[in-house]
file input.cif (mmCIF, C-alpha atoms)
data_target
#
loop_
_atom_site.label_atom_id
_atom_site.label_comp_id
_atom_site.auth_asym_id
_atom_site.auth_seq_id
_atom_site.Cartn_x
_atom_site.Cartn_y
_atom_site.Cartn_z
CA MET F 10 32.20 -14.42 -12.04
CA SER F 11 29.25 -16.46 -10.76
CA ALA F 12 27.34 -15.88 -7.54
CA SER F 13 28.91 -19.06 -6.17
CA ASP F 14 32.36 -17.69 -6.87
CA ASP F 15 31.47 -14.44 -5.14
CA ILE F 16 30.16 -16.28 -2.11
CA ARG F 17 33.27 -18.40 -1.91
CA ARG F 18 35.50 -15.35 -2.27
CA TRP F 19 33.63 -13.36 0.36
CA SER F 20 33.57 -16.35 2.71
CA ASP F 21 37.32 -16.72 2.36
CA GLU F 22 37.84 -13.05 2.99
CA LEU F 23 35.62 -13.15 6.06
CA ALA F 24 37.53 -16.15 7.36
CA ARG F 25 40.80 -14.27 6.92
CA THR F 26 39.48 -10.99 8.31
CA PRO F 27 36.51 -11.56 10.60
CA ALA F 28 36.00 -7.83 11.12
CA SER F 29 35.62 -7.26 7.38
CA MET F 30 32.44 -5.58 6.13
CA VAL F 31 32.26 -8.22 3.43
CA PHE F 32 29.65 -9.98 5.53
CA LEU F 33 27.14 -7.52 4.03
CA PRO F 34 27.36 -8.67 0.39
CA LEU F 35 27.90 -12.25 1.55
CA GLY F 36 24.77 -12.23 3.68
CA GLU F 37 22.77 -10.60 0.92
CA ALA F 38 23.98 -13.13 -1.66
CA LEU F 39 23.07 -16.02 0.62
CA ARG F 40 19.68 -14.48 1.34
CA THR F 41 19.01 -14.04 -2.36
CA ARG F 42 19.85 -17.69 -2.94
CA GLY F 43 17.35 -18.73 -0.31
CA GLN F 44 19.97 -19.79 2.24
CA THR F 45 18.35 -17.74 4.95
CA GLY F 46 19.71 -19.88 7.79
CA VAL F 47 23.31 -19.34 6.74
CA ALA F 48 22.61 -15.72 5.86
CA LEU F 49 21.18 -15.20 9.33
CA ARG F 50 24.32 -16.56 10.99
CA VAL F 51 26.54 -14.39 8.79
CA ALA F 52 24.50 -11.28 9.54
CA MET F 53 24.38 -11.96 13.29
CA ARG F 54 28.13 -12.45 13.48
CA GLY F 55 28.67 -9.30 11.47
CA LEU F 56 26.39 -7.38 13.81
CA GLU F 57 28.31 -8.63 16.81
CA ARG F 58 31.37 -6.87 15.43
CA HIS F 59 29.51 -3.88 13.95
CA PRO F 60 26.52 -3.29 16.23
CA TYR F 61 26.05 0.30 15.09
CA ASP F 62 26.14 -0.37 11.36
CA ALA F 63 22.75 0.46 9.86
CA ASP F 64 23.33 -1.63 6.75
CA ALA F 65 23.96 -4.67 8.94
CA HIS F 66 20.65 -4.16 10.73
CA ASP F 67 18.97 -3.65 7.36
CA LEU F 68 20.43 -6.93 6.08
CA LEU F 69 19.24 -8.79 9.15
CA ALA F 70 15.78 -7.28 8.77
CA ARG F 71 15.46 -8.46 5.19
CA ILE F 72 16.54 -11.94 6.22
CA TYR F 73 13.86 -11.93 8.92
CA VAL F 74 11.26 -10.91 6.35
CA ASP F 75 12.28 -13.84 4.18
CA ARG F 76 11.80 -16.08 7.18
CA GLY F 77 8.38 -14.61 7.89
CA GLU F 78 9.52 -12.99 11.14
CA THR F 79 8.06 -9.58 10.49
CA GLU F 80 8.20 -8.21 14.03
CA LYS F 81 11.89 -8.99 14.34
CA ALA F 82 12.43 -7.34 10.97
CA LEU F 83 10.71 -4.17 12.15
CA ASP F 84 12.89 -4.16 15.26
CA GLU F 85 16.02 -4.37 13.13
CA TRP F 86 14.89 -1.61 10.81
CA ASP F 87 14.11 0.49 13.81
CA ALA F 88 17.67 -0.13 15.03
CA ALA F 89 19.02 0.78 11.59
CA ILE F 90 17.21 4.10 11.69
CA ARG F 91 18.53 4.79 15.17
CA CYS F 92 22.06 4.14 13.91
CA THR F 93 21.61 6.16 10.73
CA PRO F 94 18.56 8.43 10.74
CA GLY F 95 16.94 8.46 7.33
CA HIS F 96 18.40 5.11 6.29
CA ALA F 97 16.60 4.58 2.99
CA GLY F 98 16.67 0.79 3.00
CA ALA F 99 15.16 0.59 6.46
CA LEU F 100 12.48 3.15 5.69
CA LYS F 101 11.59 1.37 2.49
CA GLY F 102 11.40 -1.97 4.24
CA MET F 103 9.19 -0.60 6.99
CA GLY F 104 6.95 0.99 4.41
CA PHE F 105 6.70 -2.32 2.60
CA VAL F 106 5.73 -4.20 5.75
CA CYS F 107 3.21 -1.55 6.83
CA PHE F 108 1.60 -1.71 3.41
CA ASN F 109 1.30 -5.47 3.66
CA GLN F 110 -0.34 -5.01 7.05
CA GLY F 111 -2.85 -2.54 5.60
CA ARG F 112 -1.34 0.39 7.53
CA LEU F 113 -1.46 2.75 4.59
CA VAL F 114 -0.81 5.96 6.48
CA ASP F 115 2.29 4.53 8.16
CA ALA F 116 3.40 3.06 4.82
CA GLU F 117 3.03 6.45 3.18
CA ARG F 118 5.09 8.13 5.89
CA TYR F 119 7.96 5.65 5.68
CA LEU F 120 7.99 5.55 1.88
CA ALA F 121 7.92 9.35 1.68
CA GLU F 122 10.95 9.54 3.97
CA ALA F 123 12.68 6.81 1.97
CA ALA F 124 11.94 8.61 -1.29
CA ALA F 125 13.37 11.80 0.14
CA ALA F 126 16.50 9.91 1.16
CA SER F 127 16.92 8.30 -2.27
CA PRO F 128 15.30 10.53 -4.85
CA GLU F 129 16.97 8.57 -7.66
CA ASP F 130 14.93 5.45 -6.84
CA ASP F 131 12.15 5.57 -9.44
CA GLY F 132 10.54 2.38 -8.18
CA LEU F 133 10.24 3.87 -4.74
CA ALA F 134 8.62 7.00 -6.11
CA LEU F 135 6.07 4.91 -7.98
CA ALA F 136 5.36 2.79 -4.93
CA LEU F 137 4.81 5.94 -2.89
CA GLN F 138 2.49 7.34 -5.50
CA ARG F 139 0.56 4.11 -5.47
CA VAL F 140 0.09 4.20 -1.72
CA ARG F 141 -1.03 7.82 -1.92
CA ASP F 142 -3.52 6.93 -4.64
CA GLU F 143 -4.91 4.22 -2.45
CA ILE F 144 -5.26 6.50 0.50
CA ALA F 145 -7.03 9.05 -1.68
CA SER F 146 -9.23 6.36 -3.11
CA ALA F 147 -10.08 5.05 0.32
CA ASN F 148 -10.82 8.55 1.58
CA ASN F 149 -13.22 9.05 -1.30
CA ALA F 150 -14.93 5.77 -0.56
CA SER F 151 -15.33 6.08 3.19
CA PRO F 152 -14.86 8.64 5.96
CA SER F 153 -13.03 5.97 7.98
CA ALA F 154 -10.70 5.25 5.15
CA ASN F 155 -7.64 4.46 7.14
CA ALA F 156 -9.39 1.54 8.80
CA THR F 157 -10.91 0.27 5.57
CA PRO F 158 -8.28 0.43 2.90
CA GLU F 159 -9.59 0.28 -0.62
CA PRO F 160 -8.06 -2.55 -2.61
CA ALA F 161 -4.87 -1.52 -4.28
CA PRO F 162 -4.07 -1.69 -7.93
CA VAL F 163 -2.24 -4.92 -8.52
CA VAL F 164 1.29 -4.63 -9.69
CA ALA F 165 3.23 -7.25 -11.51
CA SER F 166 5.18 -7.61 -14.62
CA THR F 167 7.27 -9.86 -16.70
CA GLU F 168 9.54 -6.89 -16.26
CA PRO F 169 9.45 -5.98 -12.61
CA VAL F 170 8.22 -2.42 -12.89
CA VAL F 171 5.82 -0.77 -10.49
CA GLU F 172 2.67 0.13 -12.34
CA HIS F 173 -0.69 1.58 -11.55
CA THR F 174 -4.14 0.86 -12.75
CA SER F 175 -6.35 3.81 -13.34
CA ASN F 176 -9.57 2.85 -11.61
CA GLY F 177 -8.74 4.61 -8.41
CA SER F 178 -12.27 5.73 -7.75
CA GLY F 179 -13.50 2.28 -6.84
CA THR F 180 -16.52 2.73 -9.07
CA PRO F 181 -17.92 -0.24 -10.94
CA ASN F 182 -16.10 -0.84 -14.15
CA GLY F 183 -17.79 -2.73 -16.92
CA ASN F 184 -21.04 -4.55 -17.43
CA GLY F 185 -22.34 -6.58 -14.56
CA ALA F 186 -19.93 -5.13 -12.11
CA GLN F 187 -22.73 -4.53 -9.63
CA GLU F 188 -23.24 -8.27 -9.46
CA GLY F 189 -19.74 -8.57 -8.15
CA VAL F 190 -20.32 -6.22 -5.26
CA VAL F 191 -19.14 -7.99 -2.17
CA ALA F 192 -18.40 -7.02 1.35
CA PHE F 193 -16.84 -9.20 3.95
CA ALA F 194 -14.98 -8.82 7.17
CA GLU F 195 -11.40 -9.88 7.70
CA GLY F 196 -10.30 -9.44 11.23
CA ASP F 197 -10.89 -5.83 12.09
CA ALA F 198 -10.94 -4.59 8.55
CA GLN F 199 -13.98 -4.29 6.36
CA PHE F 200 -13.18 -5.05 2.78
CA GLU F 201 -15.48 -3.82 0.10
CA SER F 202 -14.94 -3.96 -3.61
CA SER F 203 -17.18 -3.43 -6.57
CA ASP F 204 -14.52 -4.56 -9.00
CA PRO F 205 -13.42 -8.20 -8.88
CA ARG F 206 -10.17 -7.22 -10.50
CA ARG F 207 -9.23 -5.42 -7.32
CA LEU F 208 -10.30 -8.19 -4.98
CA PHE F 209 -6.78 -9.03 -3.82
CA ALA F 210 -5.17 -5.67 -4.27
CA ASP F 211 -4.80 -4.89 -0.58
CA LEU F 212 -3.34 -8.32 0.16
CA ILE F 213 -0.32 -8.27 -2.03
CA GLY F 214 2.91 -6.38 -1.77
CA VAL F 215 3.63 -2.81 -2.45
CA ALA F 216 5.32 -3.57 -5.73
CA ASP F 217 5.81 -6.17 -8.35
CA GLN F 218 3.12 -8.61 -7.34
CA ALA F 219 -0.07 -9.82 -8.96
CA ALA F 220 -2.85 -12.14 -7.89
CA LEU F 221 -5.42 -13.99 -9.96
CA LEU F 222 -8.33 -16.30 -9.28
CA LEU F 223 -9.03 -18.57 -12.22
CA ASP F 224 -11.94 -20.88 -12.90
CA GLU F 225 -11.55 -24.49 -14.03
CA ASP F 226 -11.09 -23.36 -17.63
CA GLY F 227 -8.33 -20.90 -16.84
CA LEU F 228 -10.60 -17.87 -17.15
CA VAL F 229 -10.02 -14.98 -14.76
CA LEU F 230 -12.66 -14.63 -12.05
CA ALA F 231 -10.90 -11.99 -10.01
CA GLY F 232 -7.62 -10.18 -9.71
CA GLU F 233 -5.42 -8.74 -12.37
CA TYR F 234 -1.91 -8.97 -13.73
CA VAL F 235 -0.68 -5.60 -14.86
CA VAL F 236 2.56 -5.36 -16.79
CA SER F 237 4.86 -2.43 -17.21
CA GLY F 238 2.88 -0.91 -20.08
CA GLY F 239 -0.19 -0.74 -17.86
CA GLN F 240 -1.89 -3.59 -19.67
CA ASP F 241 -3.74 -6.30 -17.75
CA VAL F 242 -2.47 -9.60 -19.13
CA GLY F 243 -4.32 -11.69 -16.56
CA ALA F 244 -6.36 -13.52 -19.18
CA GLU F 245 -3.29 -14.58 -21.13
CA VAL F 246 -1.25 -15.53 -18.09
CA GLY F 247 -4.17 -17.34 -16.50
CA ALA F 248 -4.94 -19.34 -19.60
CA ALA F 249 -1.33 -20.35 -20.00
CA LEU F 250 -0.67 -21.28 -16.39
CA SER F 251 -3.88 -23.11 -15.59
CA GLY F 252 -2.63 -26.10 -17.55
CA ILE F 253 0.02 -26.74 -14.94
CA SER F 254 -2.60 -27.62 -12.34
CA ASP F 255 -4.19 -30.14 -14.70
CA GLU F 256 -0.83 -31.79 -15.10
CA ALA F 257 -0.25 -31.76 -11.34
CA ARG F 258 -3.64 -33.35 -10.70
CA ARG F 259 -2.81 -36.07 -13.19
CA ALA F 260 0.58 -36.70 -11.62
CA MET F 261 -0.85 -36.91 -8.12
CA ARG F 262 -3.16 -39.71 -9.15
CA HIS F 263 -0.10 -41.88 -9.70
CA LEU F 264 2.20 -40.73 -6.91
CA PRO F 265 1.75 -41.68 -3.25
CA LEU F 266 1.96 -38.08 -2.08
CA GLY F 267 -1.71 -37.22 -1.69
CA ASP F 268 -3.43 -34.19 -3.19
CA TRP F 269 -1.32 -31.29 -4.34
CA ARG F 270 -1.51 -28.11 -2.29
CA THR F 271 0.89 -25.65 -3.85
CA ILE F 272 3.04 -25.31 -6.92
CA ILE F 273 5.91 -22.87 -6.93
CA PHE F 274 8.01 -22.14 -9.93
CA GLU F 275 10.74 -19.66 -10.55
CA THR F 276 11.63 -18.08 -13.85
CA PRO F 277 14.00 -15.24 -14.68
CA ALA F 278 10.99 -12.89 -14.77
CA ALA F 279 8.87 -14.00 -11.85
CA THR F 280 8.23 -16.28 -8.94
CA VAL F 281 4.78 -17.82 -9.27
CA VAL F 282 2.90 -19.73 -6.58
CA MET F 283 -0.47 -21.35 -7.13
CA THR F 284 -2.94 -23.38 -5.16
CA PRO F 285 -6.27 -25.04 -5.89
CA ALA F 286 -9.34 -22.84 -5.47
CA PRO F 287 -12.98 -23.86 -5.04
CA GLY F 288 -14.70 -25.34 -8.07
CA ASP F 289 -11.52 -26.79 -9.55
CA GLY F 290 -10.21 -23.27 -9.91
CA LEU F 291 -6.79 -21.91 -9.23
CA ALA F 292 -5.47 -19.02 -7.15
CA LEU F 293 -2.06 -17.68 -8.03
CA VAL F 294 0.32 -14.97 -7.00
CA ALA F 295 3.18 -13.81 -9.18
CA ALA F 296 5.97 -11.54 -8.06
CA ALA F 297 9.20 -10.18 -9.38
CA PRO F 298 12.12 -12.50 -8.61
CA GLU F 299 13.61 -10.07 -6.13
CA VAL F 300 10.53 -10.20 -3.90
CA PRO F 301 11.38 -12.58 -1.03
CA SER F 302 9.83 -15.95 -1.77
CA GLY F 303 8.54 -16.22 1.78
CA LEU F 304 6.42 -13.14 1.21
CA VAL F 305 5.08 -14.50 -2.06
CA ARG F 306 4.01 -17.71 -0.35
CA ARG F 307 2.37 -15.82 2.48
CA ALA F 308 0.56 -13.60 0.01
CA LEU F 309 -0.84 -16.70 -1.65
CA GLU F 310 -2.28 -17.91 1.65
CA SER F 311 -4.14 -14.63 2.10
CA VAL F 312 -5.29 -14.58 -1.52
CA SER F 313 -6.50 -18.16 -1.29
CA GLN F 314 -8.51 -17.51 1.86
CA ARG F 315 -10.12 -14.43 0.41
CA ALA F 316 -10.87 -16.22 -2.85
CA LYS F 317 -12.62 -18.94 -0.91
CA ARG F 318 -14.80 -16.50 0.99
CA TRP F 319 -15.54 -14.53 -2.16
CA MET F 320 -16.59 -17.65 -4.00
CA GLU F 321 -18.84 -18.62 -1.13
CA ARG F 322 -20.48 -15.23 -1.35
CA LEU F 323 -21.05 -15.60 -5.05
CA SER F 324 -22.51 -19.10 -4.84
CA MET O 6 21.97 -47.49 -13.74
CA SER O 7 25.66 -47.77 -13.44
CA ASN O 8 27.55 -46.75 -10.34
CA SER O 9 30.18 -45.28 -12.61
CA SER O 10 27.79 -42.59 -13.77
CA PRO O 11 29.12 -39.08 -13.12
CA PHE O 12 25.73 -38.11 -11.70
CA ILE O 13 25.64 -40.70 -8.94
CA PRO O 14 27.72 -38.81 -6.34
CA SER O 15 25.48 -35.76 -6.69
CA LEU O 16 22.34 -37.84 -6.47
CA GLU O 17 23.65 -39.72 -3.45
CA HIS O 18 24.43 -36.40 -1.80
CA LEU O 19 20.90 -35.16 -2.44
CA THR O 20 19.28 -38.37 -1.25
CA ARG O 21 21.21 -38.22 2.01
CA GLN O 22 19.44 -34.97 2.94
CA ARG O 23 16.82 -35.27 5.62
CA GLY O 24 13.39 -36.11 4.25
CA VAL O 25 14.57 -36.95 0.73
CA LEU O 26 13.18 -40.24 -0.53
CA GLY O 27 14.96 -40.23 -3.81
CA SER O 28 16.70 -38.17 -6.42
CA LEU O 29 16.65 -38.69 -10.13
CA ILE O 30 17.95 -37.20 -13.31
CA VAL O 31 15.38 -37.55 -16.05
CA SER O 32 15.01 -36.57 -19.64
CA GLU O 33 12.40 -33.86 -19.93
CA THR O 34 11.58 -34.83 -23.50
CA ASP O 35 10.70 -38.47 -23.02
CA GLY O 36 10.50 -38.87 -19.25
CA ILE O 37 13.02 -41.67 -18.96
CA VAL O 38 15.36 -42.13 -16.01
CA ILE O 39 18.94 -41.17 -16.76
CA ASP O 40 20.15 -41.95 -13.26
CA ALA O 41 18.48 -42.38 -9.91
CA VAL O 42 19.26 -42.98 -6.27
CA VAL O 43 15.96 -43.78 -4.62
CA GLN O 44 14.58 -45.64 -1.66
CA PRO O 45 12.82 -48.90 -2.47
CA THR O 46 9.40 -47.32 -1.97
CA VAL O 47 9.94 -44.89 -4.82
CA LYS O 48 9.06 -46.13 -8.29
CA ALA O 49 11.68 -44.29 -10.27
CA PRO O 50 10.22 -44.81 -13.77
CA VAL O 51 6.80 -43.57 -12.67
CA VAL O 52 8.22 -40.54 -10.88
CA ALA O 53 10.45 -39.76 -13.84
CA ALA O 54 7.63 -39.85 -16.35
CA LEU O 55 5.28 -37.73 -14.27
CA ALA O 56 7.89 -35.24 -13.11
CA ALA O 57 9.19 -34.74 -16.64
CA SER O 58 5.69 -34.20 -17.90
CA LEU O 59 4.91 -31.69 -15.16
CA TYR O 60 8.16 -29.82 -15.66
CA ARG O 61 7.68 -29.73 -19.41
CA ARG O 62 4.16 -28.40 -19.00
CA ALA O 63 5.30 -25.78 -16.54
CA ARG O 64 8.09 -24.68 -18.86
CA GLN O 65 5.72 -24.42 -21.82
CA SER O 66 3.10 -22.59 -19.78
CA ALA O 67 5.57 -20.15 -18.30
CA HIS O 68 6.95 -19.48 -21.75
CA ALA O 69 3.45 -18.92 -23.11
CA ALA O 70 2.75 -16.53 -20.26
CA GLY O 71 5.84 -14.53 -21.17
CA LEU O 72 7.67 -15.40 -17.97
CA GLY O 73 10.68 -17.11 -19.54
CA GLY O 74 12.08 -20.53 -18.77
CA VAL O 75 11.43 -22.38 -15.53
CA LYS O 76 14.57 -22.85 -13.48
CA TYR O 77 12.98 -24.34 -10.35
CA LEU O 78 9.65 -26.01 -9.71
CA GLU O 79 8.24 -27.35 -6.47
CA LEU O 80 5.01 -29.23 -6.03
CA VAL O 81 3.82 -29.43 -2.44
CA ALA O 82 1.39 -32.23 -1.64
CA ASP O 83 -0.18 -33.55 1.55
CA GLY O 84 2.41 -36.30 1.87
CA GLY O 85 5.56 -34.70 0.52
CA ARG O 86 7.05 -32.72 -2.30
CA LEU O 87 8.43 -32.99 -5.79
CA CYS O 88 11.24 -30.52 -6.35
CA MET O 89 12.76 -30.05 -9.78
CA ALA O 90 15.42 -27.99 -11.48
CA GLY O 91 16.37 -28.34 -15.09
CA ARG O 92 19.09 -27.62 -17.55
CA ASP O 93 18.40 -28.10 -21.23
CA ASP O 94 16.72 -31.48 -21.59
CA LEU O 95 17.79 -32.81 -18.20
CA VAL O 96 15.80 -32.34 -15.03
CA VAL O 97 16.96 -33.14 -11.50
CA VAL O 98 14.00 -34.41 -9.51
CA LEU O 99 13.70 -34.91 -5.77
CA VAL O 100 10.94 -36.83 -4.05
CA THR O 101 10.61 -35.90 -0.41
CA ASP O 102 8.43 -36.51 2.57
CA THR O 103 7.05 -33.70 4.71
CA ARG O 104 10.09 -33.37 7.00
CA VAL O 105 12.30 -31.85 4.39
CA GLY O 106 14.08 -28.51 4.83
CA VAL O 107 13.12 -26.89 1.57
CA GLY O 108 15.39 -23.84 1.63
CA LEU O 109 18.60 -25.78 1.77
CA LEU O 110 17.33 -28.45 -0.58
CA ARG O 111 16.38 -25.87 -3.18
CA VAL O 112 19.91 -24.51 -3.14
CA GLU O 113 21.45 -27.97 -3.42
CA LEU O 114 19.09 -28.85 -6.26
CA LEU O 115 19.86 -25.71 -8.23
CA ARG O 116 23.55 -26.32 -7.71
CA THR O 117 23.26 -29.87 -9.00
CA ALA O 118 21.25 -28.74 -12.01
CA ALA O 119 23.84 -26.07 -12.81
CA GLU O 120 26.50 -28.77 -12.91
CA LEU O 121 24.65 -30.89 -15.47
CA PRO O 122 26.30 -31.05 -18.87
CA GLU O 123 24.88 -28.73 -21.52
#
call {"tool": "encode", "arguments": {"input": "input.cif", "output": "structure tokens"}}
result
Amino acid sequence: MSASDDIRRWSDELARTPASMVFLPLGEALRTRGQTGVALRVAMRGLERHPYDADAHDLLARIYVDRGETEKALDEWDAAIRCTPGHAGALKGMGFVCFNQGRLVDAERYLAEAAAASPEDDGLALALQRVRDEIASANNASPSANATPEPAPVVASTEPVVEHTSNGSGTPNGNGAQEGVVAFAEGDAQFESSDPRRLFADLIGVADQAALLLDEDGLVLAGEYVVSGGQDVGAEVGAALSGISDEARRAMRHLPLGDWRTIIFETPAATVVMTPAPGDGLALVAAAPEVPSGLVRRALESVSQRAKRWMERLS
Amino acid sequence: MSNSSPFIPSLEHLTRQRGVLGSLIVSETDGIVIDAVVQPTVKAPVVAALAASLYRRARQSAHAAGLGGVKYLELVADGGRLCMAGRDDLVVVLVTDTRVGVGLLRVELLRTAAELPE
């Protein structure tokens, strides 16, 4: 049975029995399909009838994240935890958001509680380990580590599996790494990295995301793309994907749409978003398909801005 | 382009969405227009050729990168968007201005592509 059939069936059931809990899978299916407006209405109506259902609050929170309304999402997860203390989905979601905001200690606390609530979730355990590695790495690098998170190992995969890179010490890795030493301020946080591969690590999600900065020839300048075996396939992915921007540039010369700003494409293995970078380069973020597309697009904005500043520093 | 084409109702539905300037079904292989419902400002043959080329390149690149086949592609430009979804050799293409509601359109586009004949 297709997702469309399921949605139709659940919609019919909800129409027949408005108090049915079927609004939960229906809302989730709509959210997954990108119909966040409809999903929001379904979730809100469900919550009206089931205001103390933690799963309903969790659903609404995930819809808010998709819509980029992070504060509302946190409110809903908070409500979910008040309804059901230790609700794993809510704790995981809050950990995810805290990580994205650079609040590593808070992220660690939420993810640890979530992992305790669902010990069978291997991905969660790996994500928690990754956050702990980052905290340890940051503590080694600076006494004020919590305020200056060390870039995280980038995680992404053609198979969406959380993975770690091993260079947790933040020490230069490879010839010429000292040349890549950069330090720049972003808001209140000081970012410092000696390894260009980790340039975007603190900007992307807690799991299943990767970011790359490519030059005009499709060569990797910064970032990494680590697959489930631990291998960085950034060079291969970058070389293959950079051709798309050439094609886009060519197309835009003949279409009255102006310059291209972003390309998004979805495959069974990943959602990829890319945008032009200085010097005819390309910045891209890839994420597992289950990562909300709104988050992937927002991650690209952050990656693009950092890439720009980093390139300015280098030039 | 005949009005009797089975694709026309779907294309008309897509083109009626807010911000959509035209919808086309094109052959990915050779970039020709199979069917189109476009506003007069849209040059369907040009859009078809370029969109097919872009989609083909994206599909080949994604495949080379080990990501599998492209099921949806969206190019965002200063003045609008090109949204595409394919099935086998056929690609549904939308040309939009900047007012478009992308979330809903993406769903409609994927639905239309899923209904294309194999």
call {"tool": "residues_around", "arguments": {"input": "input.cif", "residues": "range 38-52 of chain O", "least_positions_apart": "4", "cutoff": "9 Å", "atoms": "all atoms listed in the file", "output": "VMD selection string"}}
result
(chain F and resid 260 263 to 265) or (chain O and resid 6 to 7 10 12 to 13 16 to 17 19 to 20 25 to 32 56 to 57 95 98 100)
call {"tool": "residues_around", "arguments": {"input": "input.cif", "residues": "Glu85 in chain F", "least_positions_apart": "6", "cutoff": "12 Å", "atoms": "only C-alpha atoms", "output": "list in words"}}
result
Ala52, Met53, Leu56, Pro60, Tyr61, Asp62, Ala63, Asp64, Ala65, His66, Asp67, Leu68, Leu69, Ala70, Arg71, Ile72, Tyr73, Val74, Glu78, Thr79, Arg91, Cys92, His96, Gly98, Ala99, Leu100, Gly102 and Met103 of chain F
call {"tool": "write_last_selection", "arguments": {"input": "input.cif", "atoms": "C-alpha atoms", "output": "compact mmCIF listing (two decimals), in the coordinates of the input"}}
result
# COMPACT_ATOMS: atom_id res chain seq x y z
CA ALA F 52 24.50 -11.28 9.54
CA MET F 53 24.38 -11.96 13.29
CA LEU F 56 26.39 -7.38 13.81
CA PRO F 60 26.52 -3.29 16.23
CA TYR F 61 26.05 0.30 15.09
CA ASP F 62 26.14 -0.37 11.36
CA ALA F 63 22.75 0.46 9.86
CA ASP F 64 23.33 -1.63 6.75
CA ALA F 65 23.96 -4.67 8.94
CA HIS F 66 20.65 -4.16 10.73
CA ASP F 67 18.97 -3.65 7.36
CA LEU F 68 20.43 -6.93 6.08
CA LEU F 69 19.24 -8.79 9.15
CA ALA F 70 15.78 -7.28 8.77
CA ARG F 71 15.46 -8.46 5.19
CA ILE F 72 16.54 -11.94 6.22
CA TYR F 73 13.86 -11.93 8.92
CA VAL F 74 11.26 -10.91 6.35
CA GLU F 78 9.52 -12.99 11.14
CA THR F 79 8.06 -9.58 10.49
CA ARG F 91 18.53 4.79 15.17
CA CYS F 92 22.06 4.14 13.91
CA HIS F 96 18.40 5.11 6.29
CA GLY F 98 16.67 0.79 3.00
CA ALA F 99 15.16 0.59 6.46
CA LEU F 100 12.48 3.15 5.69
CA GLY F 102 11.40 -1.97 4.24
CA MET F 103 9.19 -0.60 6.99
call {"tool": "resolve_selection", "arguments": {"input": "input.cif", "expression": "the PyMOL selection byres ((chain F and resi 48) around 8)", "output": "PyMOL selection string"}}
result
chain F and resi 35-37+39-40+44-47+49-52+72
call {"tool": "resolve_selection", "arguments": {"input": "input.cif", "expression": "the PyMOL selection byres ((chain O) within 6 of (chain F))", "output": "list in words"}}
result
Leu55, Leu59, Ala63, Ser66, Ala69, Ala70, Leu72, Gly73, Gly74, Val75, Lys76, Tyr77, Leu78, Glu79, Leu80, Val81, Ala82, Asp83, Gly84, Gly85 and Gly108 of chain O
call {"tool": "closest_residue", "arguments": {"input": "input.cif", "among": "O:Gly24, O:Pro122, O:Gly106, O:Gly71", "to": "Asp94 in chain O", "atoms": "all atoms listed in the file"}}
result
O:Pro122
call {"tool": "atom_distance", "arguments": {"input": "input.cif", "atom1": "CA of Val114 in chain F", "atom2": "CA of Ser146 in chain F"}}
result
12.8 Å
call {"tool": "resolve_selection", "arguments": {"input": "input.cif", "expression": "the PyMOL selection byres ((chain F and resi 134) around 12)", "output": "list in words"}}
result
Lys101, Glu117, Tyr119, Leu120, Ala121, Glu122, Ala123, Ala124, Ala125, Ala126, Ser127, Pro128, Glu129, Asp130, Asp131, Gly132, Leu133, Leu135, Ala136, Leu137, Gln138, Arg139, Val140, Arg141, Val170, Val171, Glu172, Val215 and Ala216 of chain F
call {"tool": "write_last_selection", "arguments": {"input": "input.cif", "atoms": "C-alpha atoms", "output": "CSV table (one decimal), in the coordinates of the input"}}
result
chain,number,residue,atom,x,y,z
F,101,LYS,CA,11.6,1.4,2.5
F,117,GLU,CA,3.0,6.4,3.2
F,119,TYR,CA,8.0,5.6,5.7
F,120,LEU,CA,8.0,5.6,1.9
F,121,ALA,CA,7.9,9.4,1.7
F,122,GLU,CA,11.0,9.5,4.0
F,123,ALA,CA,12.7,6.8,2.0
F,124,ALA,CA,11.9,8.6,-1.3
F,125,ALA,CA,13.4,11.8,0.1
F,126,ALA,CA,16.5,9.9,1.2
F,127,SER,CA,16.9,8.3,-2.3
F,128,PRO,CA,15.3,10.5,-4.8
F,129,GLU,CA,17.0,8.6,-7.7
F,130,ASP,CA,14.9,5.4,-6.8
F,131,ASP,CA,12.2,5.6,-9.4
F,132,GLY,CA,10.5,2.4,-8.2
F,133,LEU,CA,10.2,3.9,-4.7
F,135,LEU,CA,6.1,4.9,-8.0
F,136,ALA,CA,5.4,2.8,-4.9
F,137,LEU,CA,4.8,5.9,-2.9
F,138,GLN,CA,2.5,7.3,-5.5
F,139,ARG,CA,0.6,4.1,-5.5
F,140,VAL,CA,0.1,4.2,-1.7
F,141,ARG,CA,-1.0,7.8,-1.9
F,170,VAL,CA,8.2,-2.4,-12.9
F,171,VAL,CA,5.8,-0.8,-10.5
F,172,GLU,CA,2.7,0.1,-12.3
F,215,VAL,CA,3.6,-2.8,-2.4
F,216,ALA,CA,5.3,-3.6,-5.7
call {"tool": "atom_distance", "arguments": {"input": "input.cif", "atom1": "CA of His18 in chain O", "atom2": "CA of Cys88 in chain O"}}
result
15.1 Å
call {"tool": "atom_distance", "arguments": {"input": "input.cif", "atom1": "CA of Leu115 in chain O", "atom2": "CA of Arg92 in chain O"}}
result
9.5 Å
call {"tool": "residues_around", "arguments": {"input": "input.cif", "residues": "Leu114 in chain O", "least_positions_apart": "5", "cutoff": "8 Å", "atoms": "all atoms listed in the file", "output": "count of residues only"}}
result
4
call {"tool": "residues_around", "arguments": {"input": "input.cif", "residues": "range 291-293 of chain F", "least_positions_apart": "4", "cutoff": "8 Å", "atoms": "only C-alpha atoms", "output": "list in words"}}
result
Ala220, Leu221, Leu222, Leu223, Asp224, Glu225, Gly227, Ser251, Ser254, Val281, Val282, Met283, Thr284, Pro285, Ala286, Pro287, Leu309, Val312, Ser313 and Ala316 of chain F
